[in-house]
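To keep things clear, I will list the structure first and then write my remarks on it.
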Amino acid sequence: MRAAVIGAGMAGLASARQLALAGWEVDVLERADGPRADGYMMDFFGLGFDAAERMGLLPRLRDAAYRIGAVEYVDAKRGKRTASIDYDQFASALDGRLLSLMRPDLELVLLDALGDAPEGSVRVHYGARFAEEDGAEHPEEVARLLEGADVVIGADGIHSSVRASLFGDESQYLRPLGLRAAAYVIDGAPELHAEYDGRFVLTDTIDRQAGIYSLRDGRVAAFLAYREDAAGQPPAGEDAPTRLRRVFGGLWEPIDRLLDRCPPHPYDDVVAQVVLPRWHRGSTVLAGDACQAVSLLAGQGASLAIAGAELLTSLIGPCTDAAAIESAMVEYERRWRPVVEEKQAAGRRAAGTFLPPDRWHLLMRRWALRGSSLPVVKTIVMRSIAGGTGLKGTTGV
Ligand SMILES: Cc1cc2nc3c(=O)[nH]c(=O)nc-3n(C[C@H](O)[C@H](O)[C@H](O)COP(=O)(O)OP(=O)(O)OC[C@H]3O[C@@H](n4cnc5c(N)ncnc54)[C@H](O)[C@@H]3O)c2cc1C
């Protein structure tokens with residue numbers, strides 16, 4: 001059996017590995033020219049952590065993980081600490097089942113894990129783009145790889161072209177949560193690196209939040225979240241560096257230094273969820289953010305992308321004909337959709353409080369975080385941030 005997987009992100013690489021281990025031939029088509037070096041820090045826990053353990057990936061993930069002692073909130077005017085989240089406490093509220101991973105590092109671990117499959121069973125084709133315009137022709141190589149595939153897995157992220165080819169324009173399925181998020185990494189700022197080494201610092205501010213942390217390779221990372229209009233759309237024609245300077249300029253001196261070095265094309269996108277009535281059509285099925293984006297507010301998109309891919313491929317893996325594959329896709333959706341819907345509801349609830357809209361909400365958050373140093377409150381707050389881990393094992397694989 002042969003599969004074509006579109007997208008070499010979390011869901012795509014996890015799907016490719018698992019199908020190849022089940023004896024399939026897999027071609028992965030990725031539009032980027034290679035693995036990306038840029039990204040953002042992610043909390044990795046919950047169902048994806050459980051899936052990674054079953055897949056035997058935990059030792060490699062632990063090697064790639066960062067040790068974050070605490071997340072500090074600072075008053076942007078005075079630079080003084082206002083509250084903090086003790087990450088060790090967070091981890092122990094999750095029974096130690098939490099890793100802090102840079103997105104590119106997680107991607108590299110998954111890429112490396114393709115080596116666990118029989119030699120030559122997975123081929124990753126970089127620079128291979130699934131046609132983005134509906135009805136447009138695929139590049140020749142992509143068309144050849146899609147032809148005759150028993151299954152096509154659309155794992156091409158929140159702005160999925162595979163989804164558009166099956167179900168139409170994303171405006172029907174993308175639910176913006178009223179925020180945008182930006183992230184980038186800069187080189188050559190040793191003084192900032194030294195100051196934020198081992199620290200993850202966020203501004204305690206209304207309607208926008210800027211974060212800064214150092215990476216082990218000497219680079220410094222910026223994380224910026226902000227409100228735009230309800231659709232999360234910036235003014236037409238404004239490029240991302242200009243927009244980020246407009247929103248964050250003058251907020252906090254270290255962030256000004258990061259803004260001065262903002263690259264021309266940082267990650268900057270609407271924070272949104274994907275709600276889709278169906279996840280498959282014919283021999284094509286969607287995985288990861290393409291069908292189930294929960295948003296960074298739910299904090300588990302990558303985790304769910306891996307866990308969902310593990311479930312999907314465990315069902316498709318044993319199939320030997322189209323009818324069995326169709327039944328596997330129906331079963332995947334039946335079992336996985338309720339899990340995703342619960343996380344999406346948690347993400348929507350967080351949308352109102354993630355960026356405090358006024359001083360009152362800002363103070364409420366500060367008090368909640370300070371209260372969370374008390375053992376009982378701590379467990380409740382940490383578990384609610386984590387969205388609960390009671391679903392452990394829900395994938396049933
Ligand atoms: C700022 C931020 C913070 C986050 N924090 C967390 C966190 O703490 N914990 C967590 O679990 N998740 C977090 N997430 C969410 C997480 O990053 C995503 O949910 C996850 O990456 C989704 O994986 P995916 O494989 O579905 O899609 P992606 O990782 O987006 O991968 C999709 C791939 O498809 C490729 N592609 C796209 N279009 C095409 C095309 N036409 N042809 C070929 N290839 C294509 C892309 O280049 C990409 O490589 C965060 C997200 C953001 C933005």
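All residue names refer to the structure tokens as shown: chains lettered A, B, ... in order, residues numbered from 1 in each chain, ligands numbered from 1 in order.
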
Considering only C-alpha atoms and all ligand atoms, give me a table of residues in chain A that are at most 6 Å from ligand 1, with the closest atom pair and distance in Å for each, as CSV.
```
residue,atom,partner,partner_atom_place_in_ligand_line,distance
A:Ile6,CA,ligand 1,43 (C),5.2
A:Gly7,CA,ligand 1,34 (O),3.3
A:Ala8,CA,ligand 1,49 (O),4.7
A:Gly9,CA,ligand 1,31 (O),3.5
A:Met10,CA,ligand 1,25 (O),3.6
A:Ala11,CA,ligand 1,25 (O),3.8
A:Gly12,CA,ligand 1,25 (O),5.5
A:Leu29,CA,ligand 1,43 (C),5.5
A:Glu30,CA,ligand 1,44 (N),3.8
A:Arg31,CA,ligand 1,43 (C),4.0
A:Ala32,CA,ligand 1,47 (O),5.2
A:Tyr40,CA,ligand 1,1 (C),5.9
A:Met42,CA,ligand 1,8 (O),3.3
A:Asp43,CA,ligand 1,8 (O),3.8
A:Phe44,CA,ligand 1,11 (O),5.2
A:Ala128,CA,ligand 1,43 (C),5.9
A:Arg129,CA,ligand 1,42 (N),3.7
A:Phe130,CA,ligand 1,42 (N),3.8
A:Ala131,CA,ligand 1,41 (N),5.7
A:Glu132,CA,ligand 1,41 (N),5.2
A:Ala155,CA,ligand 1,26 (O),5.5
A:Asp156,CA,ligand 1,34 (O),3.3
A:Gly157,CA,ligand 1,27 (O),3.6
A:Ser160,CA,ligand 1,38 (N),5.7
A:Ser161,CA,ligand 1,41 (N),5.1
A:Ala181,CA,ligand 1,1 (C),5.6
A:Gly288,CA,ligand 1,26 (O),3.4
A:Asp289,CA,ligand 1,26 (O),3.7
A:Ala290,CA,ligand 1,26 (O),5.8
A:Ala293,CA,ligand 1,19 (O),5.9
A:Leu296,CA,ligand 1,50 (C),4.5
A:Gly299,CA,ligand 1,7 (C),4.3
A:Gln300,CA,ligand 1,11 (O),3.3
A:Gly301,CA,ligand 1,19 (O),3.1
A:Ala302,CA,ligand 1,11 (O),3.6
A:Ser303,CA,ligand 1,11 (O),4.2
A:Ala305,CA,ligand 1,23 (O),5.3
```

* To do: Please provide the set of residues having any atom within 6 Å of stretch 215-224 of chain A, restricted to only C-alpha atoms, with same-chain residues fewer than 2 positions apart removed, written as a list in words.
  => Ala181, Ala182, Ala183, Tyr184, Val185, Ile186, Asp187, His193, Gln209, Ala210, Gly211, Ile212 and Tyr213 of chain A

* Asked: Which is closest to A:Val152 among A:Ser327, A:Ser171, A:Gln273, A:Thr284, if we use only C-alpha atoms?
  ->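 Closest candidate: A:Thr284.
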
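Atom CA of A:Pro264 lies 28.0 Å from atom CA of A:Tyr73.
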
Let's see if you can do this: from backbone DSSP, list all helix (DSSP H, G or I) residues in stretch 201-340 of chain A, as an mmCIF file with N, CA, C and O atoms, in the first residue's frame.
```
data_model
loop_
_atom_site.group_PDB
_atom_site.id
_atom_site.type_symbol
_atom_site.label_atom_id
_atom_site.label_comp_id
_atom_site.auth_asym_id
_atom_site.auth_seq_id
_atom_site.Cartn_x
_atom_site.Cartn_y
_atom_site.Cartn_z
ATOM 1 N N ALA A 240 4.737 42.735 8.187
ATOM 2 C CA ALA A 240 4.757 42.262 9.575
ATOM 3 C C ALA A 240 5.722 43.051 10.470
ATOM 4 O O ALA A 240 5.333 43.455 11.573
ATOM 5 N N PRO A 241 6.975 43.324 10.032
ATOM 6 C CA PRO A 241 7.861 44.075 10.934
ATOM 7 C C PRO A 241 7.294 45.457 11.292
ATOM 8 O O PRO A 241 7.385 45.897 12.439
ATOM 9 N N THR A 242 6.665 46.121 10.299
ATOM 10 C CA THR A 242 6.069 47.448 10.576
ATOM 11 C C THR A 242 4.933 47.304 11.585
ATOM 12 O O THR A 242 4.799 48.094 12.525
ATOM 13 N N ARG A 243 4.130 46.267 11.361
ATOM 14 C CA ARG A 243 2.986 46.035 12.260
ATOM 15 C C ARG A 243 3.476 45.760 13.684
ATOM 16 O O ARG A 243 2.960 46.315 14.650
ATOM 17 N N LEU A 244 4.487 44.930 13.819
ATOM 18 C CA LEU A 244 4.957 44.573 15.165
ATOM 19 C C LEU A 244 5.558 45.789 15.864
ATOM 20 O O LEU A 244 5.384 45.989 17.067
ATOM 21 N N ARG A 245 6.229 46.639 15.072
ATOM 22 C CA ARG A 245 6.780 47.871 15.674
ATOM 23 C C ARG A 245 5.640 48.811 16.082
ATOM 24 O O ARG A 245 5.697 49.438 17.127
ATOM 25 N N ARG A 246 4.585 48.857 15.248
ATOM 26 C CA ARG A 246 3.436 49.719 15.585
ATOM 27 C C ARG A 246 2.807 49.281 16.913
ATOM 28 O O ARG A 246 2.485 50.089 17.770
ATOM 29 N N VAL A 247 2.654 47.945 17.064
ATOM 30 C CA VAL A 247 1.935 47.443 18.239
ATOM 31 C C VAL A 247 2.827 47.414 19.483
ATOM 32 O O VAL A 247 2.381 47.741 20.579
ATOM 33 N N PHE A 248 4.111 47.045 19.305
ATOM 34 C CA PHE A 248 4.951 46.787 20.485
ATOM 35 C C PHE A 248 6.039 47.829 20.743
ATOM 36 O O PHE A 248 6.668 47.797 21.800
ATOM 37 N N GLU A 253 11.905 47.991 26.933
ATOM 38 C CA GLU A 253 13.197 48.232 26.278
ATOM 39 C C GLU A 253 13.822 46.973 25.643
ATOM 40 O O GLU A 253 14.251 47.016 24.472
ATOM 41 N N PRO A 254 13.837 45.815 26.320
ATOM 42 C CA PRO A 254 14.430 44.631 25.662
ATOM 43 C C PRO A 254 13.662 44.230 24.393
ATOM 44 O O PRO A 254 14.266 43.751 23.432
ATOM 45 N N ILE A 255 12.351 44.470 24.388
ATOM 46 C CA ILE A 255 11.568 44.125 23.195
ATOM 47 C C ILE A 255 11.890 45.097 22.063
ATOM 48 O O ILE A 255 11.977 44.702 20.897
ATOM 49 N N ASP A 256 12.129 46.361 22.408
ATOM 50 C CA ASP A 256 12.564 47.313 21.368
ATOM 51 C C ASP A 256 13.838 46.817 20.686
ATOM 52 O O ASP A 256 13.991 46.914 19.473
ATOM 53 N N ARG A 257 14.720 46.249 21.490
ATOM 54 C CA ARG A 257 15.978 45.745 20.907
ATOM 55 C C ARG A 257 15.702 44.560 19.976
ATOM 56 O O ARG A 257 16.333 44.419 18.937
ATOM 57 N N LEU A 258 14.726 43.735 20.355
ATOM 58 C CA LEU A 258 14.366 42.613 19.476
ATOM 59 C C LEU A 258 13.655 43.109 18.216
ATOM 60 O O LEU A 258 13.859 42.574 17.126
ATOM 61 N N LEU A 259 12.814 44.148 18.388
ATOM 62 C CA LEU A 259 12.085 44.683 17.219
ATOM 63 C C LEU A 259 13.053 45.283 16.203
ATOM 64 O O LEU A 259 12.838 45.196 14.991
ATOM 65 N N ASP A 260 14.127 45.883 16.704
ATOM 66 C CA ASP A 260 15.127 46.466 15.799
ATOM 67 C C ASP A 260 15.732 45.412 14.878
ATOM 68 O O ASP A 260 16.257 45.722 13.818
ATOM 69 N N ASP A 289 -3.482 20.365 12.336
ATOM 70 C CA ASP A 289 -4.171 21.662 12.279
ATOM 71 C C ASP A 289 -5.103 21.798 11.078
ATOM 72 O O ASP A 289 -6.063 22.568 11.121
ATOM 73 N N ALA A 290 -4.839 21.089 9.999
ATOM 74 C CA ALA A 290 -5.665 21.205 8.793
ATOM 75 C C ALA A 290 -7.135 20.968 9.107
ATOM 76 O O ALA A 290 -8.015 21.612 8.536
ATOM 77 N N CYS A 291 -7.409 20.049 10.054
ATOM 78 C CA CYS A 291 -8.822 19.781 10.395
ATOM 79 C C CYS A 291 -9.145 20.079 11.843
ATOM 80 O O CYS A 291 -10.308 20.198 12.206
ATOM 81 N N GLN A 292 -8.136 20.195 12.709
ATOM 82 C CA GLN A 292 -8.427 20.209 14.151
ATOM 83 C C GLN A 292 -7.700 21.312 14.915
ATOM 84 O O GLN A 292 -7.515 21.175 16.117
ATOM 85 N N GLY A 301 -1.699 22.116 20.291
ATOM 86 C CA GLY A 301 -1.876 21.810 18.871
ATOM 87 C C GLY A 301 -0.906 20.757 18.358
ATOM 88 O O GLY A 301 -1.290 19.826 17.644
ATOM 89 N N ALA A 302 0.366 20.891 18.729
ATOM 90 C CA ALA A 302 1.369 19.941 18.254
ATOM 91 C C ALA A 302 1.147 18.578 18.905
ATOM 92 O O ALA A 302 1.249 17.531 18.259
ATOM 93 N N SER A 303 0.822 18.636 20.186
ATOM 94 C CA SER A 303 0.566 17.399 20.919
ATOM 95 C C SER A 303 -0.602 16.635 20.277
ATOM 96 O O SER A 303 -0.511 15.430 20.001
ATOM 97 N N LEU A 304 -1.685 17.356 19.985
ATOM 98 C CA LEU A 304 -2.854 16.703 19.381
ATOM 99 C C LEU A 304 -2.579 16.277 17.945
ATOM 100 O O LEU A 304 -3.147 15.303 17.460
ATOM 101 N N ALA A 305 -1.718 17.028 17.250
ATOM 102 C CA ALA A 305 -1.389 16.651 15.867
ATOM 103 C C ALA A 305 -0.714 15.280 15.861
ATOM 104 O O ALA A 305 -1.019 14.423 15.022
ATOM 105 N N ILE A 306 0.177 15.057 16.824
ATOM 106 C CA ILE A 306 0.890 13.768 16.884
ATOM 107 C C ILE A 306 -0.047 12.657 17.360
ATOM 108 O O ILE A 306 -0.087 11.564 16.777
ATOM 109 N N ALA A 307 -0.835 12.956 18.393
ATOM 110 C CA ALA A 307 -1.732 11.917 18.917
ATOM 111 C C ALA A 307 -2.800 11.539 17.879
ATOM 112 O O ALA A 307 -3.117 10.362 17.701
ATOM 113 N N GLY A 308 -3.345 12.551 17.183
ATOM 114 C CA GLY A 308 -4.354 12.272 16.157
ATOM 115 C C GLY A 308 -3.759 11.462 15.010
ATOM 116 O O GLY A 308 -4.381 10.536 14.492
ATOM 117 N N ALA A 309 -2.532 11.798 14.641
ATOM 118 C CA ALA A 309 -1.865 11.068 13.552
ATOM 119 C C ALA A 309 -1.615 9.616 13.969
ATOM 120 O O ALA A 309 -1.745 8.695 13.161
ATOM 121 N N GLU A 310 -1.261 9.441 15.235
ATOM 122 C CA GLU A 310 -1.025 8.067 15.704
ATOM 123 C C GLU A 310 -2.314 7.244 15.611
ATOM 124 O O GLU A 310 -2.312 6.099 15.147
ATOM 125 N N LEU A 311 -3.427 7.868 16.036
ATOM 126 C CA LEU A 311 -4.707 7.143 15.961
ATOM 127 C C LEU A 311 -5.076 6.836 14.505
ATOM 128 O O LEU A 311 -5.404 5.699 14.160
ATOM 129 N N LEU A 312 -5.013 7.873 13.656
ATOM 130 C CA LEU A 312 -5.391 7.693 12.244
ATOM 131 C C LEU A 312 -4.588 6.562 11.601
ATOM 132 O O LEU A 312 -5.149 5.667 10.948
ATOM 133 N N THR A 313 -3.291 6.574 11.802
ATOM 134 C CA THR A 313 -2.447 5.587 11.114
ATOM 135 C C THR A 313 -2.584 4.199 11.735
ATOM 136 O O THR A 313 -2.391 3.198 11.049
ATOM 137 N N SER A 314 -2.952 4.145 13.021
ATOM 138 C CA SER A 314 -3.168 2.815 13.615
ATOM 139 C C SER A 314 -4.411 2.159 13.000
ATOM 140 O O SER A 314 -4.511 0.941 12.917
ATOM 141 N N LEU A 315 -5.356 3.000 12.551
ATOM 142 C CA LEU A 315 -6.575 2.470 11.941
ATOM 143 C C LEU A 315 -6.370 2.154 10.458
ATOM 144 O O LEU A 315 -6.870 1.161 9.946
ATOM 145 N N ILE A 316 -5.609 3.021 9.780
ATOM 146 C CA ILE A 316 -5.389 2.823 8.336
ATOM 147 C C ILE A 316 -4.321 1.761 8.078
ATOM 148 O O ILE A 316 -4.398 1.011 7.094
ATOM 149 N N ALA A 322 -9.755 -0.182 -0.489
ATOM 150 C CA ALA A 322 -10.364 1.147 -0.353
ATOM 151 C C ALA A 322 -11.525 1.149 0.642
ATOM 152 O O ALA A 322 -11.716 2.116 1.394
ATOM 153 N N ALA A 323 -12.309 0.058 0.677
ATOM 154 C CA ALA A 323 -13.468 0.019 1.582
ATOM 155 C C ALA A 323 -12.996 0.045 3.036
ATOM 156 O O ALA A 323 -13.560 0.761 3.881
ATOM 157 N N ALA A 324 -11.951 -0.713 3.323
ATOM 158 C CA ALA A 324 -11.434 -0.751 4.697
ATOM 159 C C ALA A 324 -10.854 0.617 5.076
ATOM 160 O O ALA A 324 -11.014 1.090 6.212
ATOM 161 N N ILE A 325 -10.212 1.274 4.106
ATOM 162 C CA ILE A 325 -9.637 2.597 4.384
ATOM 163 C C ILE A 325 -10.752 3.596 4.693
ATOM 164 O O ILE A 325 -10.671 4.379 5.645
ATOM 165 N N GLU A 326 -11.822 3.533 3.928
ATOM 166 C CA GLU A 326 -12.960 4.435 4.162
ATOM 167 C C GLU A 326 -13.509 4.221 5.584
ATOM 168 O O GLU A 326 -13.755 5.170 6.318
ATOM 169 N N SER A 327 -13.666 2.953 5.982
ATOM 170 C CA SER A 327 -14.183 2.673 7.342
ATOM 171 C C SER A 327 -13.213 3.187 8.399
ATOM 172 O O SER A 327 -13.624 3.694 9.448
ATOM 173 N N ALA A 328 -11.911 3.072 8.130
ATOM 174 C CA ALA A 328 -10.908 3.538 9.095
ATOM 175 C C ALA A 328 -11.011 5.057 9.274
ATOM 176 O O ALA A 328 -10.909 5.578 10.388
ATOM 177 N N MET A 329 -11.251 5.767 8.163
ATOM 178 C CA MET A 329 -11.367 7.230 8.255
ATOM 179 C C MET A 329 -12.612 7.628 9.067
ATOM 180 O O MET A 329 -12.582 8.577 9.853
ATOM 181 N N VAL A 330 -13.699 6.885 8.862
ATOM 182 C CA VAL A 330 -14.930 7.177 9.618
ATOM 183 C C VAL A 330 -14.675 6.953 11.113
ATOM 184 O O VAL A 330 -15.059 7.764 11.960
ATOM 185 N N GLU A 331 -14.005 5.861 11.419
ATOM 186 C CA GLU A 331 -13.724 5.527 12.821
ATOM 187 C C GLU A 331 -12.797 6.561 13.471
ATOM 188 O O GLU A 331 -12.993 6.964 14.620
ATOM 189 N N TYR A 332 -11.793 6.992 12.713
ATOM 190 C CA TYR A 332 -10.862 8.038 13.194
ATOM 191 C C TYR A 332 -11.650 9.273 13.594
ATOM 192 O O TYR A 332 -11.483 9.819 14.691
ATOM 193 N N GLU A 333 -12.534 9.686 12.715
ATOM 194 C CA GLU A 333 -13.288 10.907 12.984
ATOM 195 C C GLU A 333 -14.232 10.707 14.175
ATOM 196 O O GLU A 333 -14.396 11.599 15.011
ATOM 197 N N ARG A 334 -14.834 9.518 14.259
ATOM 198 C CA ARG A 334 -15.774 9.250 15.351
ATOM 199 C C ARG A 334 -15.050 9.316 16.699
ATOM 200 O O ARG A 334 -15.555 9.877 17.661
ATOM 201 N N ARG A 335 -13.843 8.781 16.750
ATOM 202 C CA ARG A 335 -13.141 8.730 18.034
ATOM 203 C C ARG A 335 -12.387 10.007 18.356
ATOM 204 O O ARG A 335 -12.238 10.371 19.525
ATOM 205 N N TRP A 336 -11.907 10.694 17.351
ATOM 206 C CA TRP A 336 -11.004 11.817 17.609
ATOM 207 C C TRP A 336 -11.730 13.145 17.726
ATOM 208 O O TRP A 336 -11.307 14.041 18.454
ATOM 209 N N ARG A 337 -12.840 13.305 16.997
ATOM 210 C CA ARG A 337 -13.529 14.601 16.978
ATOM 211 C C ARG A 337 -13.931 15.080 18.384
ATOM 212 O O ARG A 337 -13.704 16.244 18.733
ATOM 213 N N PRO A 338 -14.509 14.209 19.251
ATOM 214 C CA PRO A 338 -14.890 14.702 20.587
ATOM 215 C C PRO A 338 -13.696 15.205 21.393
ATOM 216 O O PRO A 338 -13.816 16.155 22.172
ATOM 217 N N VAL A 339 -12.539 14.574 21.220
ATOM 218 C CA VAL A 339 -11.330 15.005 21.940
ATOM 219 C C VAL A 339 -10.961 16.415 21.495
ATOM 220 O O VAL A 339 -10.712 17.311 22.313
ATOM 221 N N VAL A 340 -10.975 16.624 20.177
ATOM 222 C CA VAL A 340 -10.608 17.930 19.623
ATOM 223 C C VAL A 340 -11.622 18.985 20.068
ATOM 224 O O VAL A 340 -11.247 20.100 20.471
#
```

* **Interatomic distance, atom CA of A:Met41 to atom CA of A:Ala351 (Å, one decimal)** => 19.4 Å
